[in-house]
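Shown next: entry.pdb, given as PDB, C-alpha atoms, pLDDT in the B column.
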```pdb
ATOM      1  CA  GLN A 288     -20.310  56.023  17.574  1.00 59.00           C
ATOM      2  CA  LYS A 289     -20.488  59.216  15.583  1.00 66.00           C
ATOM      3  CA  GLU A 290     -18.149  59.098  12.618  1.00 83.00           C
ATOM      4  CA  VAL A 291     -17.126  61.321   9.775  1.00 89.00           C
ATOM      5  CA  GLU A 292     -15.553  59.500   6.849  1.00 89.00           C
ATOM      6  CA  GLN A 293     -13.352  60.925   4.145  1.00 90.00           C
ATOM      7  CA  ASN A 294     -11.349  59.384   1.343  1.00 82.00           C
ATOM      8  CA  SER A 295      -7.778  59.945   2.480  1.00 75.00           C
ATOM      9  CA  GLY A 296      -6.514  60.408  -1.057  1.00 80.00           C
ATOM     10  CA  PRO A 297      -4.201  61.700  -2.230  1.00 89.00           C
ATOM     11  CA  LEU A 298      -6.411  63.401  -4.762  1.00 95.00           C
ATOM     12  CA  SER A 299      -4.468  64.876  -7.660  1.00 96.00           C
ATOM     13  CA  VAL A 300      -5.980  67.379 -10.048  1.00 96.00           C
ATOM     14  CA  PRO A 301      -4.376  69.555 -12.726  1.00 97.00           C
ATOM     15  CA  GLU A 302      -4.214  73.291 -12.222  1.00 97.00           C
ATOM     16  CA  GLY A 303      -7.429  74.961 -13.338  1.00 97.00           C
ATOM     17  CA  ALA A 304      -9.583  71.856 -12.847  1.00 97.00           C
ATOM     18  CA  ILE A 305     -12.361  71.324 -10.325  1.00 97.00           C
ATOM     19  CA  ALA A 306     -11.373  69.426  -7.195  1.00 96.00           C
ATOM     20  CA  SER A 307     -14.186  67.488  -5.539  1.00 96.00           C
ATOM     21  CA  LEU A 308     -13.801  66.418  -1.918  1.00 96.00           C
ATOM     22  CA  ASN A 309     -16.383  64.212  -0.273  1.00 95.00           C
ATOM     23  CA  CYS A 310     -17.377  63.361   3.262  1.00 94.00           C
ATOM     24  CA  THR A 311     -20.057  61.105   4.763  1.00 93.00           C
ATOM     25  CA  TYR A 312     -21.301  61.087   8.323  1.00 90.00           C
ATOM     26  CA  SER A 313     -23.057  58.517  10.449  1.00 86.00           C
ATOM     27  CA  ASP A 314     -24.991  60.701  12.900  1.00 81.00           C
ATOM     28  CA  ARG A 315     -28.350  61.676  11.405  1.00 80.00           C
ATOM     29  CA  GLY A 316     -28.653  64.317  14.093  1.00 79.00           C
ATOM     30  CA  SER A 317     -25.674  66.243  12.760  1.00 80.00           C
ATOM     31  CA  GLN A 318     -26.655  69.794  11.959  1.00 80.00           C
ATOM     32  CA  SER A 319     -23.523  71.818  11.265  1.00 88.00           C
ATOM     33  CA  PHE A 320     -20.625  70.997   9.000  1.00 92.00           C
ATOM     34  CA  PHE A 321     -17.299  72.648   8.473  1.00 94.00           C
ATOM     35  CA  TRP A 322     -14.471  72.324   5.998  1.00 96.00           C
ATOM     36  CA  TYR A 323     -10.994  73.105   7.243  1.00 96.00           C
ATOM     37  CA  ARG A 324      -7.816  73.371   5.184  1.00 97.00           C
ATOM     38  CA  GLN A 325      -4.546  72.300   6.763  1.00 96.00           C
ATOM     39  CA  TYR A 326      -1.222  72.987   5.116  1.00 96.00           C
ATOM     40  CA  SER A 327       1.630  70.695   6.073  1.00 93.00           C
ATOM     41  CA  GLY A 328       2.985  71.674   9.457  1.00 91.00           C
ATOM     42  CA  LYS A 329       0.282  74.286  10.024  1.00 94.00           C
ATOM     43  CA  SER A 330      -2.962  74.480  11.962  1.00 95.00           C
ATOM     44  CA  PRO A 331      -6.443  73.805  10.535  1.00 95.00           C
ATOM     45  CA  GLU A 332      -7.983  76.891   8.983  1.00 94.00           C
ATOM     46  CA  LEU A 333     -11.748  77.227   8.532  1.00 94.00           C
ATOM     47  CA  ILE A 334     -12.731  77.775   4.911  1.00 95.00           C
ATOM     48  CA  MET A 335     -16.445  76.930   4.750  1.00 94.00           C
ATOM     49  CA  SER A 336     -19.371  76.138   6.989  1.00 93.00           C
ATOM     50  CA  ILE A 337     -22.764  74.790   5.915  1.00 94.00           C
ATOM     51  CA  TYR A 338     -25.891  74.113   7.928  1.00 90.00           C
ATOM     52  CA  SER A 339     -28.737  73.715   5.411  1.00 90.00           C
ATOM     53  CA  ASN A 340     -29.351  71.325   2.563  1.00 93.00           C
ATOM     54  CA  GLY A 341     -28.116  72.589  -0.768  1.00 95.00           C
ATOM     55  CA  ASP A 342     -25.136  74.566  -1.973  1.00 95.00           C
ATOM     56  CA  LYS A 343     -23.213  77.408  -0.400  1.00 95.00           C
ATOM     57  CA  GLU A 344     -20.711  79.311  -2.485  1.00 96.00           C
ATOM     58  CA  ASP A 345     -17.794  81.457  -1.378  1.00 95.00           C
ATOM     59  CA  GLY A 346     -15.437  82.528  -4.126  1.00 96.00           C
ATOM     60  CA  ARG A 347     -13.917  79.450  -5.731  1.00 97.00           C
ATOM     61  CA  PHE A 348     -15.322  77.179  -3.007  1.00 97.00           C
ATOM     62  CA  THR A 349     -18.752  75.544  -2.969  1.00 97.00           C
ATOM     63  CA  ALA A 350     -19.938  73.400  -0.089  1.00 97.00           C
ATOM     64  CA  GLN A 351     -22.806  71.003  -0.664  1.00 97.00           C
ATOM     65  CA  LEU A 352     -24.897  69.315   2.022  1.00 95.00           C
ATOM     66  CA  ASN A 353     -27.374  66.483   1.547  1.00 94.00           C
ATOM     67  CA  LYS A 354     -28.798  65.467   4.910  1.00 91.00           C
ATOM     68  CA  ALA A 355     -30.982  62.691   3.456  1.00 91.00           C
ATOM     69  CA  SER A 356     -27.916  60.961   2.033  1.00 92.00           C
ATOM     70  CA  GLN A 357     -25.673  62.106   4.890  1.00 92.00           C
ATOM     71  CA  TYR A 358     -22.916  63.545   2.787  1.00 93.00           C
ATOM     72  CA  VAL A 359     -21.091  66.818   2.546  1.00 95.00           C
ATOM     73  CA  SER A 360     -18.830  67.847  -0.280  1.00 96.00           C
ATOM     74  CA  LEU A 361     -16.475  70.657  -1.129  1.00 97.00           C
ATOM     75  CA  LEU A 362     -15.826  71.773  -4.684  1.00 97.00           C
ATOM     76  CA  ILE A 363     -12.829  73.916  -5.505  1.00 97.00           C
ATOM     77  CA  ARG A 364     -13.090  75.569  -8.900  1.00 98.00           C
ATOM     78  CA  ASP A 365     -10.061  76.715 -10.888  1.00 97.00           C
ATOM     79  CA  SER A 366      -7.756  74.781  -8.576  1.00 97.00           C
ATOM     80  CA  GLN A 367      -4.416  76.417  -7.870  1.00 97.00           C
ATOM     81  CA  PRO A 368      -1.156  74.872  -6.628  1.00 97.00           C
ATOM     82  CA  SER A 369      -1.694  76.916  -3.455  1.00 97.00           C
ATOM     83  CA  ASP A 370      -4.825  74.819  -2.792  1.00 97.00           C
ATOM     84  CA  SER A 371      -2.594  71.767  -2.220  1.00 97.00           C
ATOM     85  CA  ALA A 372      -3.280  70.819   1.385  1.00 96.00           C
ATOM     86  CA  THR A 373      -5.208  68.366   3.511  1.00 95.00           C
ATOM     87  CA  TYR A 374      -8.910  69.146   3.751  1.00 96.00           C
ATOM     88  CA  LEU A 375     -10.701  68.155   6.944  1.00 95.00           C
ATOM     89  CA  CYS A 376     -14.441  67.667   7.102  1.00 95.00           C
ATOM     90  CA  ALA A 377     -16.032  68.141  10.529  1.00 93.00           C
ATOM     91  CA  GLY A 378     -19.561  67.673  11.767  1.00 89.00           C
ATOM     92  CA  ARG A 379     -21.368  68.785  14.893  1.00 81.00           C
ATOM     93  CA  ALA A 380     -24.622  67.317  16.121  1.00 68.00           C
ATOM     94  CA  GLY A 381     -27.613  69.491  16.972  1.00 60.00           C
ATOM     95  CA  ALA A 382     -28.548  71.639  19.935  1.00 55.00           C
ATOM     96  CA  GLY A 383     -26.859  70.421  23.078  1.00 60.00           C
ATOM     97  CA  SER A 384     -23.904  68.918  21.274  1.00 66.00           C
ATOM     98  CA  TYR A 385     -20.556  70.291  22.269  1.00 69.00           C
ATOM     99  CA  GLN A 386     -18.398  68.097  20.148  1.00 78.00           C
ATOM    100  CA  LEU A 387     -16.979  68.538  16.672  1.00 84.00           C
ATOM    101  CA  THR A 388     -16.071  65.226  15.018  1.00 87.00           C
ATOM    102  CA  PHE A 389     -13.366  65.398  12.382  1.00 91.00           C
ATOM    103  CA  GLY A 390     -12.740  63.112   9.444  1.00 92.00           C
ATOM    104  CA  LYS A 391      -9.208  61.930   8.813  1.00 91.00           C
ATOM    105  CA  GLY A 392      -8.773  64.409   5.969  1.00 93.00           C
ATOM    106  CA  THR A 393      -8.235  64.222   2.217  1.00 94.00           C
ATOM    107  CA  LYS A 394      -4.868  65.263   0.858  1.00 94.00           C
ATOM    108  CA  LEU A 395      -5.226  67.330  -2.292  1.00 96.00           C
ATOM    109  CA  SER A 396      -2.399  67.942  -4.747  1.00 96.00           C
ATOM    110  CA  VAL A 397      -2.897  70.460  -7.536  1.00 97.00           C
ATOM    111  CA  ILE A 398      -0.409  69.779 -10.304  1.00 96.00           C
ATOM    112  CA  PRO A 399       0.881  72.856 -12.192  1.00 95.00           C
TER     113      PRO A 399
ATOM    114  CA  ASP B  68      -2.863  90.035  16.662  1.00 64.00           C
ATOM    115  CA  THR B  69      -2.853  86.295  17.152  1.00 68.00           C
ATOM    116  CA  ALA B  70      -6.364  85.081  17.975  1.00 92.00           C
ATOM    117  CA  VAL B  71      -5.467  81.740  19.600  1.00 96.00           C
ATOM    118  CA  SER B  72      -1.897  81.459  20.804  1.00 96.00           C
ATOM    119  CA  GLN B  73      -0.124  78.449  22.240  1.00 96.00           C
ATOM    120  CA  THR B  74       3.205  78.122  23.956  1.00 96.00           C
ATOM    121  CA  PRO B  75       5.596  76.555  23.465  1.00 97.00           C
ATOM    122  CA  LYS B  76       5.529  75.863  19.739  1.00 96.00           C
ATOM    123  CA  TYR B  77       7.978  72.989  20.077  1.00 97.00           C
ATOM    124  CA  LEU B  78       8.557  70.786  23.081  1.00 97.00           C
ATOM    125  CA  VAL B  79      11.237  68.104  23.114  1.00 97.00           C
ATOM    126  CA  THR B  80      11.606  66.186  26.337  1.00 96.00           C
ATOM    127  CA  GLN B  81      12.405  62.812  27.787  1.00 96.00           C
ATOM    128  CA  MET B  82      10.073  60.027  28.773  1.00 96.00           C
ATOM    129  CA  GLY B  83       8.870  60.317  32.349  1.00 96.00           C
ATOM    130  CA  ASN B  84       9.043  64.104  32.517  1.00 97.00           C
ATOM    131  CA  ASP B  85       6.125  66.417  33.313  1.00 97.00           C
ATOM    132  CA  LYS B  86       5.328  69.300  30.963  1.00 97.00           C
ATOM    133  CA  SER B  87       2.704  71.976  30.417  1.00 97.00           C
ATOM    134  CA  ILE B  88       1.303  73.672  27.344  1.00 98.00           C
ATOM    135  CA  LYS B  89      -0.451  77.014  27.591  1.00 97.00           C
ATOM    136  CA  CYS B  90      -3.202  78.471  25.442  1.00 97.00           C
ATOM    137  CA  GLU B  91      -4.759  81.915  25.348  1.00 97.00           C
ATOM    138  CA  GLN B  92      -7.453  83.358  23.115  1.00 97.00           C
ATOM    139  CA  ASN B  93      -8.254  87.028  22.637  1.00 95.00           C
ATOM    140  CA  LEU B  94     -11.471  86.513  20.674  1.00 94.00           C
ATOM    141  CA  GLY B  95     -13.785  86.817  23.660  1.00 94.00           C
ATOM    142  CA  HIS B  96     -14.960  83.231  23.096  1.00 94.00           C
ATOM    143  CA  ASP B  97     -16.623  81.211  25.830  1.00 93.00           C
ATOM    144  CA  THR B  98     -15.441  77.752  24.812  1.00 93.00           C
ATOM    145  CA  MET B  99     -11.949  76.309  24.440  1.00 94.00           C
ATOM    146  CA  TYR B 100     -10.684  72.898  23.350  1.00 94.00           C
ATOM    147  CA  TRP B 101      -7.619  70.683  23.304  1.00 95.00           C
ATOM    148  CA  TYR B 102      -7.075  68.365  20.353  1.00 95.00           C
ATOM    149  CA  LYS B 103      -4.377  65.804  19.659  1.00 95.00           C
ATOM    150  CA  GLN B 104      -3.235  65.213  16.085  1.00 95.00           C
ATOM    151  CA  ASP B 105      -1.224  62.065  15.623  1.00 90.00           C
ATOM    152  CA  SER B 106       1.289  61.148  12.929  1.00 85.00           C
ATOM    153  CA  LYS B 107      -1.555  60.051  10.631  1.00 81.00           C
ATOM    154  CA  LYS B 108      -3.021  63.547  10.925  1.00 81.00           C
ATOM    155  CA  PHE B 109      -6.168  62.393  12.726  1.00 86.00           C
ATOM    156  CA  LEU B 110      -7.491  65.253  14.838  1.00 90.00           C
ATOM    157  CA  LYS B 111      -9.138  64.022  18.012  1.00 90.00           C
ATOM    158  CA  ILE B 112     -10.854  66.015  20.768  1.00 90.00           C
ATOM    159  CA  MET B 113      -9.400  65.602  24.252  1.00 93.00           C
ATOM    160  CA  PHE B 114     -11.072  68.226  26.439  1.00 92.00           C
ATOM    161  CA  SER B 115     -13.345  71.204  26.228  1.00 91.00           C
ATOM    162  CA  TYR B 116     -14.134  73.957  28.699  1.00 92.00           C
ATOM    163  CA  ASN B 117     -17.011  76.392  28.574  1.00 90.00           C
ATOM    164  CA  ASN B 118     -16.553  79.460  30.743  1.00 89.00           C
ATOM    165  CA  LYS B 119     -14.101  77.564  32.962  1.00 86.00           C
ATOM    166  CA  GLU B 120     -16.387  74.521  33.250  1.00 89.00           C
ATOM    167  CA  LEU B 121     -15.258  71.160  31.881  1.00 89.00           C
ATOM    168  CA  ILE B 122     -17.838  69.967  29.323  1.00 86.00           C
ATOM    169  CA  ILE B 123     -15.958  67.386  27.260  1.00 82.00           C
ATOM    170  CA  ASN B 124     -13.600  64.875  28.774  1.00 82.00           C
ATOM    171  CA  GLU B 125     -12.823  62.172  26.255  1.00 81.00           C
ATOM    172  CA  THR B 126     -11.113  58.913  27.049  1.00 79.00           C
ATOM    173  CA  VAL B 127      -7.724  60.349  27.799  1.00 88.00           C
ATOM    174  CA  PRO B 128      -5.173  58.961  30.296  1.00 91.00           C
ATOM    175  CA  ASN B 129      -5.453  60.741  33.616  1.00 91.00           C
ATOM    176  CA  ARG B 130      -1.825  61.810  33.165  1.00 95.00           C
ATOM    177  CA  PHE B 131      -3.384  64.617  31.135  1.00 96.00           C
ATOM    178  CA  SER B 132      -4.980  67.349  33.228  1.00 95.00           C
ATOM    179  CA  PRO B 133      -6.500  70.494  31.759  1.00 95.00           C
ATOM    180  CA  LYS B 134      -6.945  73.688  33.724  1.00 94.00           C
ATOM    181  CA  SER B 135      -8.882  76.803  32.839  1.00 94.00           C
ATOM    182  CA  PRO B 136      -8.123  79.722  35.180  1.00 94.00           C
ATOM    183  CA  ASP B 137     -10.478  81.943  33.169  1.00 93.00           C
ATOM    184  CA  LYS B 138     -12.400  81.669  29.948  1.00 92.00           C
ATOM    185  CA  ALA B 139      -9.547  83.115  27.901  1.00 96.00           C
ATOM    186  CA  HIS B 140      -7.000  80.535  29.040  1.00 96.00           C
ATOM    187  CA  LEU B 141      -6.827  76.777  28.849  1.00 96.00           C
ATOM    188  CA  ASN B 142      -3.676  74.953  29.866  1.00 97.00           C
ATOM    189  CA  LEU B 143      -2.740  71.299  29.532  1.00 97.00           C
ATOM    190  CA  HIS B 144      -0.450  69.555  31.974  1.00 97.00           C
ATOM    191  CA  ILE B 145       0.953  66.138  31.167  1.00 96.00           C
ATOM    192  CA  ASN B 146       2.566  63.938  33.807  1.00 96.00           C
ATOM    193  CA  SER B 147       4.959  61.064  33.250  1.00 97.00           C
ATOM    194  CA  LEU B 148       5.270  61.569  29.507  1.00 96.00           C
ATOM    195  CA  GLU B 149       5.295  58.454  27.320  1.00 96.00           C
ATOM    196  CA  LEU B 150       6.520  57.825  23.779  1.00 95.00           C
ATOM    197  CA  GLY B 151       2.922  57.613  22.551  1.00 93.00           C
ATOM    198  CA  ASP B 152       2.296  61.171  23.670  1.00 95.00           C
ATOM    199  CA  SER B 153       4.383  62.443  20.768  1.00 96.00           C
ATOM    200  CA  ALA B 154       1.966  64.403  18.597  1.00 96.00           C
ATOM    201  CA  VAL B 155       0.861  67.905  17.751  1.00 97.00           C
ATOM    202  CA  TYR B 156      -1.497  69.378  20.328  1.00 98.00           C
ATOM    203  CA  PHE B 157      -3.875  72.052  19.110  1.00 97.00           C
ATOM    204  CA  CYS B 158      -5.829  74.471  21.191  1.00 97.00           C
ATOM    205  CA  ALA B 159      -9.023  75.899  19.692  1.00 95.00           C
ATOM    206  CA  SER B 160     -11.833  78.204  20.711  1.00 94.00           C
ATOM    207  CA  SER B 161     -15.395  78.910  19.628  1.00 92.00           C
ATOM    208  CA  GLN B 162     -17.831  81.641  20.527  1.00 90.00           C
ATOM    209  CA  SER B 163     -20.104  79.219  22.347  1.00 83.00           C
ATOM    210  CA  ARG B 164     -20.423  75.505  22.912  1.00 77.00           C
ATOM    211  CA  VAL B 165     -23.437  74.770  20.768  1.00 70.00           C
ATOM    212  CA  GLY B 166     -24.973  75.638  17.471  1.00 62.00           C
ATOM    213  CA  ASN B 167     -23.250  76.853  14.399  1.00 74.00           C
ATOM    214  CA  GLN B 168     -20.075  78.107  15.957  1.00 82.00           C
ATOM    215  CA  PRO B 169     -16.869  77.230  14.105  1.00 87.00           C
ATOM    216  CA  GLN B 170     -13.677  76.579  15.977  1.00 90.00           C
ATOM    217  CA  HIS B 171     -10.540  78.621  15.532  1.00 93.00           C
ATOM    218  CA  PHE B 172      -7.228  76.854  16.037  1.00 95.00           C
ATOM    219  CA  GLY B 173      -3.912  77.888  17.477  1.00 96.00           C
ATOM    220  CA  ASP B 174      -0.655  77.071  15.686  1.00 95.00           C
ATOM    221  CA  GLY B 175      -0.111  73.860  17.610  1.00 96.00           C
ATOM    222  CA  THR B 176       2.518  72.538  19.993  1.00 97.00           C
ATOM    223  CA  ARG B 177       4.747  69.849  18.545  1.00 97.00           C
ATOM    224  CA  LEU B 178       5.601  67.478  21.366  1.00 97.00           C
ATOM    225  CA  SER B 179       8.423  64.991  20.827  1.00 96.00           C
ATOM    226  CA  ILE B 180       9.301  62.435  23.472  1.00 95.00           C
ATOM    227  CA  LEU B 181      12.816  61.021  23.366  1.00 91.00           C
TER     228      LEU B 181
END
```

What is this file in structure tokens?
Amino acid sequence: QKEVEQNSGPLSVPEGAIASLNCTYSDRGSQSFFWYRQYSGKSPELIMSIYSNGDKEDGRFTAQLNKASQYVSLLIRDSQPSDSATYLCAGRAGAGSYQLTFGKGTKLSVIP
Amino acid sequence: DTAVSQTPKYLVTQMGNDKSIKCEQNLGHDTMYWYKQDSKKFLKIMFSYNNKELIINETVPNRFSPKSPDKAHLNLHINSLELGDSAVYFCASSQSRVGNQPQHFGDGTRLSIL
């Protein structure tokens, strides 16, 4: 069974620090990975996608993918209280796969 | 303009009733999805349609029946509602069914069964 695992947290970091969110996946065939942010009572919102090994940066966010070790991470630099949310990692297998498998999410709290 | 819109936003009803949730996307996407998010916030795929064709049908009670009249609409009908059906149901869409296409979510329908 294809699984995406995340530490459910909560993860607490002080304002201005780097928040590091991690995700591992069981399906070696997984090709595409996505990080979604979900505020309480709201819908998941896509913040990053990554398809190749290495780092991908977008503003304060950096996604990292290591296919050999089967992990994906999201770094949030200069964390702000507005970053407090649940972060969902999702993976999709390769060509022919229709399904996105979500982890259970990591709740992040940024303390002012 | 809302990209993926669901109605209703809240649905409170009694056990045994039948209800429908509607979803529409104006992104021109080919693929649409229904997810269920339970009280522990776990987001689980239920169904997916690509251009009106059912392509994902997870292990879901047959009381749940999706319908896609066209590729911009995906509705979910639930018969004989049970307490365990209480959850938030999210509709999502993606440009196509494969590859590197992210999914865009609607605001969710919060279903509460009394």

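Near chain A, within 9 Å and using all atoms listed in the file, the residues of chain B are B:Lys107, B:Lys108, B:Phe109, B:Leu110, B:Lys111, B:Ile112, B:Ser115, B:Ile122, B:Ile123, B:Phe157, B:Ser163, B:Arg164, B:Val165, B:Gly166, B:Asn167, B:Gln168, B:Pro169, B:Gln170, B:His171, B:Phe172, B:Gly173, B:Asp174, B:Gly175.
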
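Separating CA of Gln351 in chain A from CA of Cys376 in chain A is a distance of 11.9 Å.
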
Report the residues retrieved by the PyMOL selection byres ((chain A and resi 307) around 8) from the displayed file, expressed as a ChimeraX atom specification.
/A:305-306,308-309,360-363

Which residues, written as a PyMOL selection string, have at least one atom at most 12 Å from Arg364 in chain A, with only C-alpha atoms counted and residues fewer than 2 positions away on the same chain left out?
chain A and resi 300-308+344-350+361-362+366-367+370+397

Run the PyMOL selection byres ((chain B and resi 71-73) around 12) against the file shown and list the residues it catches, as a ChimeraX atom specification.
/A:330,332 /B:68-70,74-78,87-96,98-101,139-143,155-161,170-177

Can you spit out the residues from that selection as a PDB file, in the coordinates of the input, using C-alpha atoms?
```pdb
ATOM      1  CA  SER A 330      -2.962  74.480  11.962  1.00 95.00           C
ATOM      2  CA  GLU A 332      -7.983  76.891   8.983  1.00 94.00           C
TER       3      GLU A 332
ATOM      4  CA  ASP B  68      -2.863  90.035  16.662  1.00 64.00           C
ATOM      5  CA  THR B  69      -2.853  86.295  17.152  1.00 68.00           C
ATOM      6  CA  ALA B  70      -6.364  85.081  17.975  1.00 92.00           C
ATOM      7  CA  THR B  74       3.205  78.122  23.956  1.00 96.00           C
ATOM      8  CA  PRO B  75       5.596  76.555  23.465  1.00 97.00           C
ATOM      9  CA  LYS B  76       5.529  75.863  19.739  1.00 96.00           C
ATOM     10  CA  TYR B  77       7.978  72.989  20.077  1.00 97.00           C
ATOM     11  CA  LEU B  78       8.557  70.786  23.081  1.00 97.00           C
ATOM     12  CA  SER B  87       2.704  71.976  30.417  1.00 97.00           C
ATOM     13  CA  ILE B  88       1.303  73.672  27.344  1.00 98.00           C
ATOM     14  CA  LYS B  89      -0.451  77.014  27.591  1.00 97.00           C
ATOM     15  CA  CYS B  90      -3.202  78.471  25.442  1.00 97.00           C
ATOM     16  CA  GLU B  91      -4.759  81.915  25.348  1.00 97.00           C
ATOM     17  CA  GLN B  92      -7.453  83.358  23.115  1.00 97.00           C
ATOM     18  CA  ASN B  93      -8.254  87.028  22.637  1.00 95.00           C
ATOM     19  CA  LEU B  94     -11.471  86.513  20.674  1.00 94.00           C
ATOM     20  CA  GLY B  95     -13.785  86.817  23.660  1.00 94.00           C
ATOM     21  CA  HIS B  96     -14.960  83.231  23.096  1.00 94.00           C
ATOM     22  CA  THR B  98     -15.441  77.752  24.812  1.00 93.00           C
ATOM     23  CA  MET B  99     -11.949  76.309  24.440  1.00 94.00           C
ATOM     24  CA  TYR B 100     -10.684  72.898  23.350  1.00 94.00           C
ATOM     25  CA  TRP B 101      -7.619  70.683  23.304  1.00 95.00           C
ATOM     26  CA  ALA B 139      -9.547  83.115  27.901  1.00 96.00           C
ATOM     27  CA  HIS B 140      -7.000  80.535  29.040  1.00 96.00           C
ATOM     28  CA  LEU B 141      -6.827  76.777  28.849  1.00 96.00           C
ATOM     29  CA  ASN B 142      -3.676  74.953  29.866  1.00 97.00           C
ATOM     30  CA  LEU B 143      -2.740  71.299  29.532  1.00 97.00           C
ATOM     31  CA  VAL B 155       0.861  67.905  17.751  1.00 97.00           C
ATOM     32  CA  TYR B 156      -1.497  69.378  20.328  1.00 98.00           C
ATOM     33  CA  PHE B 157      -3.875  72.052  19.110  1.00 97.00           C
ATOM     34  CA  CYS B 158      -5.829  74.471  21.191  1.00 97.00           C
ATOM     35  CA  ALA B 159      -9.023  75.899  19.692  1.00 95.00           C
ATOM     36  CA  SER B 160     -11.833  78.204  20.711  1.00 94.00           C
ATOM     37  CA  SER B 161     -15.395  78.910  19.628  1.00 92.00           C
ATOM     38  CA  GLN B 170     -13.677  76.579  15.977  1.00 90.00           C
ATOM     39  CA  HIS B 171     -10.540  78.621  15.532  1.00 93.00           C
ATOM     40  CA  PHE B 172      -7.228  76.854  16.037  1.00 95.00           C
ATOM     41  CA  GLY B 173      -3.912  77.888  17.477  1.00 96.00           C
ATOM     42  CA  ASP B 174      -0.655  77.071  15.686  1.00 95.00           C
ATOM     43  CA  GLY B 175      -0.111  73.860  17.610  1.00 96.00           C
ATOM     44  CA  THR B 176       2.518  72.538  19.993  1.00 97.00           C
ATOM     45  CA  ARG B 177       4.747  69.849  18.545  1.00 97.00           C
TER      46      ARG B 177
END
```

What lies within 12 Å of Asp152 in chain B using only C-alpha atoms, ignoring chain neighbours under 5 positions off, as a VMD selection string?
chain B and resid 78 to 86 103 to 106 127 to 128 130 to 131 145 to 147 176 to 181

List as a CSV table (one decimal) with C-alpha atoms, in the frame of the given file the protein and nucleic acid residues near Pro297 in chain A, meaning an atom at most 7 Å away when all atoms listed in the file are counted, but skip any in the same chain fewer than 3 places from it.
```
chain,number,residue,atom,x,y,z
A,393,THR,CA,-8.2,64.2,2.2
A,394,LYS,CA,-4.9,65.3,0.9
A,395,LEU,CA,-5.2,67.3,-2.3
A,396,SER,CA,-2.4,67.9,-4.7
```

Edge lengths and centre in Å, axis-aligned, range 320-335 of chain A plus 8 Å each side, as lines of an AutoDock Vina configuration file:
```
center_x = -8.8
center_y = 74.2
center_z = 8.4
size_x = 39.6
size_y = 23.1
size_z = 23.2
```
